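Undergrad: Provided below: protein-v9.pdb, containing PDB, C-alpha atoms, pLDDT in the B column.
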ATOM      1  CA  MET A   1       0.000   0.000   0.000  1.00 88.00           C
ATOM      2  CA  LYS A   2       1.250   3.467  -0.891  1.00 94.00           C
ATOM      3  CA  ARG A   3       1.770   5.889   1.977  1.00 95.00           C
ATOM      4  CA  PHE A   4      -1.288   8.146   2.113  1.00 95.00           C
ATOM      5  CA  TYR A   5      -0.423  10.469   5.013  1.00 96.00           C
ATOM      6  CA  LYS A   6       2.316  12.817   6.132  1.00 97.00           C
ATOM      7  CA  ASP A   7       2.333  12.758   9.915  1.00 98.00           C
ATOM      8  CA  ALA A   8       1.515  10.206  12.606  1.00 98.00           C
ATOM      9  CA  THR A   9       0.716  11.644  16.040  1.00 98.00           C
ATOM     10  CA  VAL A  10      -0.524  10.503  19.439  1.00 98.00           C
ATOM     11  CA  THR A  11      -3.990  11.570  20.562  1.00 97.00           C
ATOM     12  CA  GLY A  12      -5.944  11.418  23.818  1.00 96.00           C
ATOM     13  CA  ASP A  13      -5.040  11.396  27.487  1.00 93.00           C
ATOM     14  CA  GLY A  14      -5.646   7.713  28.176  1.00 87.00           C
ATOM     15  CA  PRO A  15      -6.433   5.523  26.523  1.00 95.00           C
ATOM     16  CA  PHE A  16      -4.154   6.841  23.813  1.00 98.00           C
ATOM     17  CA  GLY A  17      -4.821   6.778  20.098  1.00 98.00           C
ATOM     18  CA  VAL A  18      -2.799   7.427  16.961  1.00 98.00           C
ATOM     19  CA  ALA A  19      -3.835   9.749  14.155  1.00 98.00           C
ATOM     20  CA  LEU A  20      -2.596   9.896  10.576  1.00 98.00           C
ATOM     21  CA  ASP A  21      -2.872  13.512   9.431  1.00 98.00           C
ATOM     22  CA  GLY A  22      -5.465  13.998  12.155  1.00 96.00           C
ATOM     23  CA  ARG A  23      -7.579  10.984  11.225  1.00 97.00           C
ATOM     24  CA  PRO A  24      -7.806   8.224  13.850  1.00 97.00           C
ATOM     25  CA  LEU A  25      -5.901   5.066  13.031  1.00 98.00           C
ATOM     26  CA  ARG A  26      -8.293   2.100  13.007  1.00 97.00           C
ATOM     27  CA  THR A  27      -7.911  -1.632  13.396  1.00 97.00           C
ATOM     28  CA  PRO A  28      -8.762  -4.023  10.543  1.00 97.00           C
ATOM     29  CA  ALA A  29     -12.226  -4.338  12.144  1.00 97.00           C
ATOM     30  CA  ARG A  30     -12.548  -0.548  11.792  1.00 97.00           C
ATOM     31  CA  VAL A  31     -12.381   0.092  15.544  1.00 96.00           C
ATOM     32  CA  PRO A  32     -10.348   3.149  16.585  1.00 96.00           C
ATOM     33  CA  LEU A  33      -6.939   1.973  17.750  1.00 97.00           C
ATOM     34  CA  ALA A  34      -6.423   2.837  21.419  1.00 97.00           C
ATOM     35  CA  VAL A  35      -3.776   1.579  23.840  1.00 98.00           C
ATOM     36  CA  PRO A  36      -3.373   2.005  27.607  1.00 98.00           C
ATOM     37  CA  THR A  37       0.032   3.730  27.742  1.00 98.00           C
ATOM     38  CA  ARG A  38       1.411   6.804  26.041  1.00 98.00           C
ATOM     39  CA  SER A  39       4.766   5.100  25.523  1.00 98.00           C
ATOM     40  CA  LEU A  40       3.158   2.360  23.423  1.00 98.00           C
ATOM     41  CA  ALA A  41       1.085   4.879  21.470  1.00 98.00           C
ATOM     42  CA  GLU A  42       4.219   6.913  20.749  1.00 98.00           C
ATOM     43  CA  ALA A  43       6.027   3.808  19.550  1.00 98.00           C
ATOM     44  CA  ILE A  44       3.113   2.877  17.274  1.00 98.00           C
ATOM     45  CA  ALA A  45       3.051   6.405  15.874  1.00 98.00           C
ATOM     46  CA  GLY A  46       6.791   6.075  15.340  1.00 98.00           C
ATOM     47  CA  GLU A  47       6.272   2.929  13.277  1.00 98.00           C
ATOM     48  CA  TRP A  48       3.868   4.748  10.977  1.00 98.00           C
ATOM     49  CA  GLN A  49       6.029   7.863  10.806  1.00 98.00           C
ATOM     50  CA  ALA A  50       9.034   5.738   9.761  1.00 98.00           C
ATOM     51  CA  GLN A  51       7.258   4.235   6.729  1.00 97.00           C
ATOM     52  CA  GLY A  52       8.625   5.045   3.307  1.00 96.00           C
ATOM     53  CA  GLU A  53       6.685   5.608   0.114  1.00 96.00           C
ATOM     54  CA  LYS A  54       5.080   2.196   0.577  1.00 97.00           C
ATOM     55  CA  ILE A  55       3.708   0.840   3.855  1.00 97.00           C
ATOM     56  CA  ASP A  56       5.377  -2.389   4.928  1.00 97.00           C
ATOM     57  CA  PRO A  57       3.117  -4.317   7.356  1.00 95.00           C
ATOM     58  CA  ARG A  58       6.116  -6.340   8.532  1.00 95.00           C
ATOM     59  CA  SER A  59       7.613  -3.154   9.967  1.00 97.00           C
ATOM     60  CA  LEU A  60       4.480  -2.429  12.046  1.00 98.00           C
ATOM     61  CA  PRO A  61       4.645  -5.139  14.730  1.00 98.00           C
ATOM     62  CA  LEU A  62       3.452  -2.958  17.608  1.00 98.00           C
ATOM     63  CA  SER A  63       0.472  -1.853  15.574  1.00 98.00           C
ATOM     64  CA  GLY A  64      -0.218  -5.516  14.856  1.00 98.00           C
ATOM     65  CA  PHE A  65      -0.233  -6.400  18.540  1.00 98.00           C
ATOM     66  CA  ALA A  66      -2.632  -3.554  19.303  1.00 98.00           C
ATOM     67  CA  ASN A  67      -4.907  -4.642  16.459  1.00 98.00           C
ATOM     68  CA  ALA A  68      -4.915  -8.230  17.719  1.00 98.00           C
ATOM     69  CA  ALA A  69      -5.643  -7.166  21.288  1.00 98.00           C
ATOM     70  CA  ILE A  70      -8.631  -5.062  20.246  1.00 98.00           C
ATOM     71  CA  ASP A  71     -10.110  -7.143  17.430  1.00 98.00           C
ATOM     72  CA  ARG A  72      -9.349 -10.700  18.582  1.00 97.00           C
ATOM     73  CA  VAL A  73      -8.155 -11.142  22.136  1.00 98.00           C
ATOM     74  CA  ALA A  74     -10.627  -8.849  23.896  1.00 97.00           C
ATOM     75  CA  ALA A  75     -13.515 -10.758  22.310  1.00 95.00           C
ATOM     76  CA  ASP A  76     -12.305 -14.085  23.748  1.00 97.00           C
ATOM     77  CA  HIS A  77     -10.014 -13.218  26.623  1.00 97.00           C
ATOM     78  CA  ALA A  78     -10.606 -16.466  28.536  1.00 96.00           C
ATOM     79  CA  GLY A  79     -10.145 -18.665  25.483  1.00 96.00           C
ATOM     80  CA  PHE A  80      -6.978 -16.897  24.426  1.00 96.00           C
ATOM     81  CA  ALA A  81      -5.456 -17.186  27.902  1.00 97.00           C
ATOM     82  CA  LYS A  82      -6.375 -20.870  28.038  1.00 96.00           C
ATOM     83  CA  ARG A  83      -4.733 -21.538  24.669  1.00 96.00           C
ATOM     84  CA  LEU A  84      -1.459 -19.997  25.794  1.00 97.00           C
ATOM     85  CA  ALA A  85      -1.560 -21.825  29.114  1.00 96.00           C
ATOM     86  CA  THR A  86      -1.934 -25.186  27.352  1.00 96.00           C
ATOM     87  CA  TYR A  87       1.708 -24.916  26.258  1.00 96.00           C
ATOM     88  CA  ALA A  88       2.547 -25.921  29.830  1.00 96.00           C
ATOM     89  CA  GLU A  89       1.131 -29.380  29.053  1.00 96.00           C
ATOM     90  CA  SER A  90       4.183 -30.000  26.850  1.00 95.00           C
ATOM     91  CA  GLU A  91       6.497 -27.513  28.553  1.00 97.00           C
ATOM     92  CA  LEU A  92       9.836 -27.202  26.735  1.00 97.00           C
ATOM     93  CA  ILE A  93      12.042 -27.055  29.802  1.00 98.00           C
ATOM     94  CA  ALA A  94      10.538 -30.283  31.183  1.00 97.00           C
ATOM     95  CA  TYR A  95      11.764 -32.435  28.259  1.00 96.00           C
ATOM     96  CA  ARG A  96      15.427 -33.354  28.433  1.00 96.00           C
ATOM     97  CA  ALA A  97      17.582 -35.213  25.909  1.00 94.00           C
ATOM     98  CA  ASP A  98      18.821 -38.720  26.652  1.00 91.00           C
ATOM     99  CA  GLY A  99      22.335 -37.782  25.556  1.00 88.00           C
ATOM    100  CA  PRO A 100      25.068 -36.914  24.909  1.00 94.00           C
ATOM    101  CA  ALA A 101      26.299 -35.674  28.266  1.00 95.00           C
ATOM    102  CA  SER A 102      27.320 -32.252  26.930  1.00 95.00           C
ATOM    103  CA  LEU A 103      23.792 -31.572  25.661  1.00 96.00           C
ATOM    104  CA  LEU A 104      22.279 -32.733  28.942  1.00 96.00           C
ATOM    105  CA  ALA A 105      24.594 -30.357  30.772  1.00 96.00           C
ATOM    106  CA  ALA A 106      23.665 -27.472  28.454  1.00 97.00           C
ATOM    107  CA  GLN A 107      19.955 -28.097  29.006  1.00 97.00           C
ATOM    108  CA  ALA A 108      20.370 -28.309  32.763  1.00 97.00           C
ATOM    109  CA  THR A 109      22.376 -25.086  32.872  1.00 97.00           C
ATOM    110  CA  ALA A 110      19.805 -23.238  30.760  1.00 98.00           C
ATOM    111  CA  TRP A 111      16.561 -24.712  32.096  1.00 98.00           C
ATOM    112  CA  ASP A 112      17.015 -25.725  35.728  1.00 98.00           C
ATOM    113  CA  PRO A 113      17.063 -22.107  36.974  1.00 98.00           C
ATOM    114  CA  TRP A 114      13.590 -21.573  35.456  1.00 98.00           C
ATOM    115  CA  VAL A 115      12.193 -24.761  36.955  1.00 98.00           C
ATOM    116  CA  GLU A 116      13.419 -23.379  40.289  1.00 98.00           C
ATOM    117  CA  TRP A 117      12.004 -19.919  39.487  1.00 98.00           C
ATOM    118  CA  LEU A 118       8.599 -21.461  38.787  1.00 98.00           C
ATOM    119  CA  ALA A 119       8.643 -23.154  42.178  1.00 98.00           C
ATOM    120  CA  ARG A 120       9.600 -19.930  43.968  1.00 97.00           C
ATOM    121  CA  ARG A 121       7.249 -17.641  42.084  1.00 97.00           C
ATOM    122  CA  TYR A 122       4.168 -19.822  41.706  1.00 97.00           C
ATOM    123  CA  ASP A 123       4.741 -22.561  44.275  1.00 98.00           C
ATOM    124  CA  VAL A 124       4.275 -25.356  41.716  1.00 98.00           C
ATOM    125  CA  GLY A 125       6.631 -27.786  40.027  1.00 97.00           C
ATOM    126  CA  LEU A 126       7.220 -29.542  36.728  1.00 98.00           C
ATOM    127  CA  THR A 127       7.588 -33.235  36.044  1.00 97.00           C
ATOM    128  CA  ILE A 128      10.953 -33.539  34.276  1.00 97.00           C
ATOM    129  CA  THR A 129      11.302 -36.351  31.748  1.00 95.00           C
ATOM    130  CA  THR A 130      13.832 -37.741  29.285  1.00 93.00           C
ATOM    131  CA  GLY A 131      13.036 -38.198  25.619  1.00 85.00           C
ATOM    132  CA  ILE A 132      10.032 -37.101  23.593  1.00 82.00           C
ATOM    133  CA  MET A 133       7.267 -39.275  25.041  1.00 87.00           C
ATOM    134  CA  HIS A 134       4.558 -37.092  26.560  1.00 92.00           C
ATOM    135  CA  VAL A 135       4.437 -36.870  30.327  1.00 93.00           C
ATOM    136  CA  ALA A 136       1.510 -35.315  32.172  1.00 95.00           C
ATOM    137  CA  GLN A 137       2.272 -32.240  34.234  1.00 97.00           C
ATOM    138  CA  PRO A 138       0.702 -31.877  37.690  1.00 97.00           C
ATOM    139  CA  LEU A 139      -2.839 -30.562  37.596  1.00 97.00           C
ATOM    140  CA  ALA A 140      -1.946 -27.964  40.230  1.00 97.00           C
ATOM    141  CA  THR A 141       0.791 -26.621  37.942  1.00 97.00           C
ATOM    142  CA  LEU A 142      -1.481 -26.405  34.912  1.00 97.00           C
ATOM    143  CA  THR A 143      -4.204 -24.721  36.930  1.00 97.00           C
ATOM    144  CA  ARG A 144      -1.810 -22.191  38.441  1.00 97.00           C
ATOM    145  CA  LEU A 145      -0.306 -21.264  35.095  1.00 97.00           C
ATOM    146  CA  HIS A 146      -3.737 -20.917  33.513  1.00 97.00           C
ATOM    147  CA  THR A 147      -4.684 -18.525  36.306  1.00 97.00           C
ATOM    148  CA  ALA A 148      -1.485 -16.565  35.676  1.00 98.00           C
ATOM    149  CA  PHE A 149      -2.211 -16.108  31.963  1.00 98.00           C
ATOM    150  CA  ALA A 150      -5.852 -15.242  32.642  1.00 98.00           C
ATOM    151  CA  ALA A 151      -4.695 -12.327  34.799  1.00 98.00           C
ATOM    152  CA  PHE A 152      -3.066 -10.570  31.846  1.00 98.00           C
ATOM    153  CA  THR A 153      -4.939  -7.938  29.858  1.00 98.00           C
ATOM    154  CA  PRO A 154      -5.752  -8.437  26.168  1.00 98.00           C
ATOM    155  CA  TYR A 155      -2.973  -5.963  25.355  1.00 98.00           C
ATOM    156  CA  GLN A 156      -0.486  -8.191  27.197  1.00 98.00           C
ATOM    157  CA  LEU A 157      -1.829 -11.480  25.873  1.00 98.00           C
ATOM    158  CA  ALA A 158      -1.417 -10.359  22.254  1.00 98.00           C
ATOM    159  CA  PRO A 159       2.418 -10.092  22.433  1.00 98.00           C
ATOM    160  CA  LEU A 160       2.603 -13.050  24.828  1.00 98.00           C
ATOM    161  CA  ASP A 161       1.250 -15.216  22.001  1.00 98.00           C
ATOM    162  CA  PRO A 162       4.452 -15.099  19.876  1.00 97.00           C
ATOM    163  CA  ILE A 163       6.620 -15.254  22.991  1.00 98.00           C
ATOM    164  CA  VAL A 164       5.004 -18.550  23.984  1.00 98.00           C
ATOM    165  CA  THR A 165       5.105 -19.989  20.470  1.00 97.00           C
ATOM    166  CA  ILE A 166       8.688 -18.922  19.680  1.00 97.00           C
ATOM    167  CA  THR A 167      10.053 -20.233  22.966  1.00 97.00           C
ATOM    168  CA  GLY A 168       7.718 -23.214  23.189  1.00 96.00           C
ATOM    169  CA  SER A 169       7.474 -22.485  26.884  1.00 98.00           C
ATOM    170  CA  ALA A 170       4.723 -21.126  29.083  1.00 98.00           C
ATOM    171  CA  VAL A 171       7.208 -20.792  31.934  1.00 98.00           C
ATOM    172  CA  LEU A 172       9.730 -18.723  29.977  1.00 98.00           C
ATOM    173  CA  ALA A 173       6.911 -16.532  28.649  1.00 98.00           C
ATOM    174  CA  LEU A 174       5.764 -15.782  32.186  1.00 98.00           C
ATOM    175  CA  ALA A 175       9.348 -14.983  33.194  1.00 98.00           C
ATOM    176  CA  VAL A 176       9.569 -12.562  30.278  1.00 98.00           C
ATOM    177  CA  ALA A 177       6.248 -10.936  31.204  1.00 97.00           C
ATOM    178  CA  GLU A 178       7.448 -10.403  34.759  1.00 97.00           C
ATOM    179  CA  GLY A 179      10.705  -8.794  33.661  1.00 96.00           C
ATOM    180  CA  GLU A 180      12.925 -11.724  34.619  1.00 97.00           C
ATOM    181  CA  LEU A 181      14.113 -12.369  31.065  1.00 97.00           C
ATOM    182  CA  GLU A 182      14.857 -10.191  28.054  1.00 96.00           C
ATOM    183  CA  ALA A 183      14.793 -11.100  24.374  1.00 95.00           C
ATOM    184  CA  GLN A 184      18.261 -12.464  23.693  1.00 95.00           C
ATOM    185  CA  ALA A 185      18.405 -14.562  26.848  1.00 97.00           C
ATOM    186  CA  ALA A 186      14.876 -15.884  26.358  1.00 97.00           C
ATOM    187  CA  TYR A 187      15.641 -16.928  22.785  1.00 97.00           C
ATOM    188  CA  ASP A 188      18.933 -18.591  23.656  1.00 97.00           C
ATOM    189  CA  ILE A 189      17.453 -20.477  26.608  1.00 97.00           C
ATOM    190  CA  ALA A 190      14.579 -21.739  24.469  1.00 97.00           C
ATOM    191  CA  HIS A 191      16.915 -22.781  21.643  1.00 96.00           C
ATOM    192  CA  VAL A 192      19.695 -24.358  23.685  1.00 96.00           C
ATOM    193  CA  ASP A 193      19.479 -27.551  21.592  1.00 94.00           C
ATOM    194  CA  ALA A 194      20.025 -25.643  18.336  1.00 91.00           C
ATOM    195  CA  LEU A 195      22.874 -23.634  19.843  1.00 90.00           C
ATOM    196  CA  TRP A 196      24.496 -26.859  21.053  1.00 92.00           C
ATOM    197  CA  GLN A 197      24.240 -28.324  17.540  1.00 88.00           C
ATOM    198  CA  GLU A 198      25.869 -25.202  16.093  1.00 84.00           C
ATOM    199  CA  GLN A 199      28.782 -25.649  18.466  1.00 83.00           C
ATOM    200  CA  GLN A 200      29.215 -29.208  17.237  1.00 84.00           C
ATOM    201  CA  TRP A 201      28.758 -28.769  13.501  1.00 78.00           C
ATOM    202  CA  GLY A 202      28.651 -25.041  12.748  1.00 75.00           C
ATOM    203  CA  ARG A 203      25.865 -22.736  11.632  1.00 77.00           C
ATOM    204  CA  ASP A 204      23.426 -23.603   8.871  1.00 76.00           C
ATOM    205  CA  PRO A 205      23.325 -20.648   6.432  1.00 76.00           C
ATOM    206  CA  LEU A 206      19.863 -21.685   5.246  1.00 76.00           C
ATOM    207  CA  ALA A 207      18.501 -21.441   8.787  1.00 78.00           C
ATOM    208  CA  GLU A 208      20.003 -18.053   9.585  1.00 85.00           C
ATOM    209  CA  LYS A 209      17.279 -15.987   7.893  1.00 86.00           C
ATOM    210  CA  ALA A 210      14.483 -17.847   9.691  1.00 89.00           C
ATOM    211  CA  GLU A 211      16.316 -17.482  12.991  1.00 91.00           C
ATOM    212  CA  ALA A 212      16.772 -13.743  12.426  1.00 92.00           C
ATOM    213  CA  GLU A 213      13.041 -13.380  11.768  1.00 94.00           C
ATOM    214  CA  ARG A 214      12.128 -15.307  14.923  1.00 95.00           C
ATOM    215  CA  ARG A 215      14.509 -13.199  16.989  1.00 96.00           C
ATOM    216  CA  ALA A 216      13.028 -10.004  15.515  1.00 96.00           C
ATOM    217  CA  ASP A 217       9.494 -11.210  16.284  1.00 97.00           C
ATOM    218  CA  LEU A 218      10.503 -12.013  19.851  1.00 98.00           C
ATOM    219  CA  ASP A 219      12.211  -8.635  20.241  1.00 98.00           C
ATOM    220  CA  ALA A 220       9.083  -6.819  19.075  1.00 98.00           C
ATOM    221  CA  ALA A 221       6.773  -8.800  21.354  1.00 98.00           C
ATOM    222  CA  ILE A 222       8.919  -8.173  24.418  1.00 98.00           C
ATOM    223  CA  ARG A 223       9.264  -4.509  23.523  1.00 98.00           C
ATOM    224  CA  CYS A 224       5.471  -4.286  23.401  1.00 98.00           C
ATOM    225  CA  LEU A 225       5.194  -5.757  26.892  1.00 98.00           C
ATOM    226  CA  ARG A 226       7.734  -3.304  28.246  1.00 98.00           C
ATOM    227  CA  LEU A 227       5.935  -0.346  26.635  1.00 98.00           C
ATOM    228  CA  LEU A 228       2.692  -1.503  28.231  1.00 98.00           C
ATOM    229  CA  ALA A 229       4.424  -1.186  31.585  1.00 94.00           C
ATOM    230  CA  GLY A 230       4.795   2.501  30.893  1.00 79.00           C
TER     231      GLY A 230
END
Represent the structure from my file as structure tokens, please.

TA:
Amino acid sequence: MKRFYKDATVTGDGPFGVALDGRPLRTPARVPLAVPTRSLAEAIAGEWQAQGEKIDPRSLPLSGFANAAIDRVAADHAGFAKRLATYAESELIAYRADGPASLLAAQATAWDPWVEWLARRYDVGLTITTGIMHVAQPLATLTRLHTAFAAFTPYQLAPLDPIVTITGSAVLALAVAEGELEAQAAYDIAHVDALWQEQQWGRDPLAEKAEAERRADLDAAIRCLRLLAG
């Protein structure tokens, strides 16, 4: 789409909107875009102001999260929270390799601190297993994590969606949401197996572009959460 405006500005005193040449920016469902913090609204306006002659949707991730929160998540808050919480049923950091020893050590170094964090923060534990066969997690753990996700607002759940899917971990996503992890660390912890393989056999040039895109998506999602904090 060709750029059709000159200036993008923040409007309102809370919630905060964005205007393009004075006209309110709207979601795909034609609802006026409004977010709870000025810092997020300013960042969204910055995305639109930075567009060139053509608008690139890929370069509007914060706008995308706001759109999703308003058009999709708010309409089914409970269902959306439940879907994210179900990742705990196959929680990444609970599934350990059966060898070699160096990979087991790398997983333990990366993941054990977050198993311990879960116990301290939420007073629940994970059942740790070896291999890929599914193991049921304690009902108390699943219930507690579902309650944790349900407590987030639609604006928070929208960026939490890619954080959960990119990391494959409900626990790491909660740690990110609570400010315990930032983007690079969260990505590396979630991809410890791939990083271990790179150390053994080198990087795969064909996988580098996909990895860069996943890292950028994670960066944007975590930035959105931080901007929602004010």

Undergrad: Can you work out the spacing between atom CA of A:Thr11 and atom CA of A:Leu60 in Å, to one decimal?

TA: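 If I compute the distance from atom CA of A:Thr11 to atom CA of A:Leu60, I get 18.4 Å.
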
Undergrad: Please, which residues are within 7 Å of (-3.7, 4.1, 23.3) by the file's coordinates, counting only C-alpha atoms, and could they come as number ranges by chain?

TA: A: 14-17, 33-38, 41

Undergrad: I'd like to know which of A:Ala140, A:Ala170, A:Ala158, A:Ala183 is closest to A:Pro61, using all atoms listed in the file.

TA: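 Closest to A:Pro61 of all the choices is A:Ala158.
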
Undergrad: Counting all atoms listed in the file, figure out which residue out of A:Ala148, A:Ala78, A:Val171, A:Ala136 gets nearest to A:Trp114.

TA: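 Closest to A:Trp114 of all the choices is A:Val171.
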
Undergrad: Under the PyMOL selection byres ((chain A and resi 173) around 12), which residues of this model are included? Write them out as a ChimeraX atom specification.

TA: /A:84-85,87-88,91-93,114,118,145,148-149,156-157,159-172,174-183,185-187,189-190,218,221-222,225

Undergrad: On this file, the PyMOL selection byres ((chain A and resi 27) around 12) gives some set of residues; write that set as a ChimeraX atom specification.

TA: /A:17-18,24-26,28-35,63-72

Undergrad: Could you expand the PyMOL selection byres ((chain A and resi 45) around 8) into the explicit residues it covers here, written as a count of residues only?

TA: 13

Undergrad: Of the candidates A:Arg120, A:Lys2, A:Arg23, A:Arg96, which one gets nearest to A:Asp56 if we count only C-alpha atoms?

TA: A:Lys2

Undergrad: Find the distance between atom CA of A:Met133 and atom CA of A:Val115 and write it in Å to one decimal.

TA: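 One can read the atom CA of A:Met133 to atom CA of A:Val115 distance as 19.4 Å.
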
Undergrad: Which of these, A:Ser102, A:Phe152, A:Arg83, A:Tyr95, has the shortest distance to A:Thr130 once you count all atoms listed in the file?

TA: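 Checking each candidate against A:Thr130, we get A:Tyr95 as the closest.
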
Undergrad: Please determine, counting all atoms listed in the file, which residue among A:Asp21, A:Ala150, A:Pro100, A:Pro57 has the shortest atom-to-atom distance to A:Gln200.

TA: A:Pro100

Undergrad: Report, in Å with one decimal, the straight-line distance from atom CA of A:Arg3 to atom CA of A:Gln51.

TA: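 So the answer is 7.4 Å.
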
Undergrad: Calculated over only C-alpha atoms, which of the candidates A:Leu195, A:Met1, A:Ile132, A:Ala97 has the smallest distance to A:Gly52?

TA: A:Met1

Undergrad: With all heavy atoms as the target, complete stretch 188-195 of chain A and hand it back as a CSV table (one decimal), keeping the file's coordinate frame.

TA:
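This went into result39.csv:
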chain,number,residue,atom,x,y,z
A,188,ASP,N,17.8,-17.6,23.5
A,188,ASP,CA,18.9,-18.6,23.7
A,188,ASP,C,18.6,-19.7,24.6
A,188,ASP,O,18.9,-20.9,24.4
A,188,ASP,CB,20.2,-17.9,24.2
A,188,ASP,CG,20.8,-17.0,23.1
A,188,ASP,OD1,20.4,-17.1,21.9
A,188,ASP,OD2,21.7,-16.2,23.5
A,189,ILE,N,17.9,-19.4,25.7
A,189,ILE,CA,17.5,-20.5,26.6
A,189,ILE,C,16.5,-21.4,25.9
A,189,ILE,O,16.6,-22.7,26.1
A,189,ILE,CB,16.8,-19.9,27.9
A,189,ILE,CG1,17.9,-19.1,28.7
A,189,ILE,CG2,16.1,-20.9,28.7
A,189,ILE,CD1,17.3,-18.2,29.8
A,190,ALA,N,15.6,-20.9,25.1
A,190,ALA,CA,14.6,-21.7,24.5
A,190,ALA,C,15.2,-22.6,23.3
A,190,ALA,O,14.7,-23.6,23.0
A,190,ALA,CB,13.5,-20.9,23.9
A,191,HIS,N,16.3,-22.1,22.8
A,191,HIS,CA,16.9,-22.8,21.6
A,191,HIS,C,18.3,-23.4,22.0
A,191,HIS,O,19.2,-23.4,21.2
A,191,HIS,CB,17.0,-21.8,20.5
A,191,HIS,CG,15.7,-21.4,19.9
A,191,HIS,ND1,15.0,-20.4,20.5
A,191,HIS,CD2,15.0,-21.8,18.9
A,191,HIS,CE1,13.8,-20.2,19.8
A,191,HIS,NE2,13.8,-21.1,18.9
A,192,VAL,N,18.4,-23.8,23.2
A,192,VAL,CA,19.7,-24.4,23.7
A,192,VAL,C,20.1,-25.6,22.9
A,192,VAL,O,21.3,-25.8,22.6
A,192,VAL,CB,19.6,-24.7,25.2
A,192,VAL,CG1,18.7,-25.8,25.5
A,192,VAL,CG2,21.0,-25.0,25.7
A,193,ASP,N,19.1,-26.4,22.4
A,193,ASP,CA,19.5,-27.6,21.6
A,193,ASP,C,20.1,-27.1,20.3
A,193,ASP,O,21.1,-27.7,19.8
A,193,ASP,CB,18.2,-28.4,21.3
A,193,ASP,CG,17.7,-29.1,22.6
A,193,ASP,OD1,18.1,-28.7,23.7
A,193,ASP,OD2,16.9,-30.0,22.4
A,194,ALA,N,19.5,-26.1,19.6
A,194,ALA,CA,20.0,-25.6,18.3
A,194,ALA,C,21.4,-25.0,18.5
A,194,ALA,O,22.3,-25.2,17.7
A,194,ALA,CB,19.1,-24.6,17.7
A,195,LEU,N,21.6,-24.2,19.6
A,195,LEU,CA,22.9,-23.6,19.8
A,195,LEU,C,23.9,-24.7,20.1
A,195,LEU,O,25.1,-24.6,19.7
A,195,LEU,CB,22.8,-22.7,21.0
A,195,LEU,CG,21.9,-21.4,20.8
A,195,LEU,CD1,21.7,-20.6,22.1
A,195,LEU,CD2,22.5,-20.6,19.7
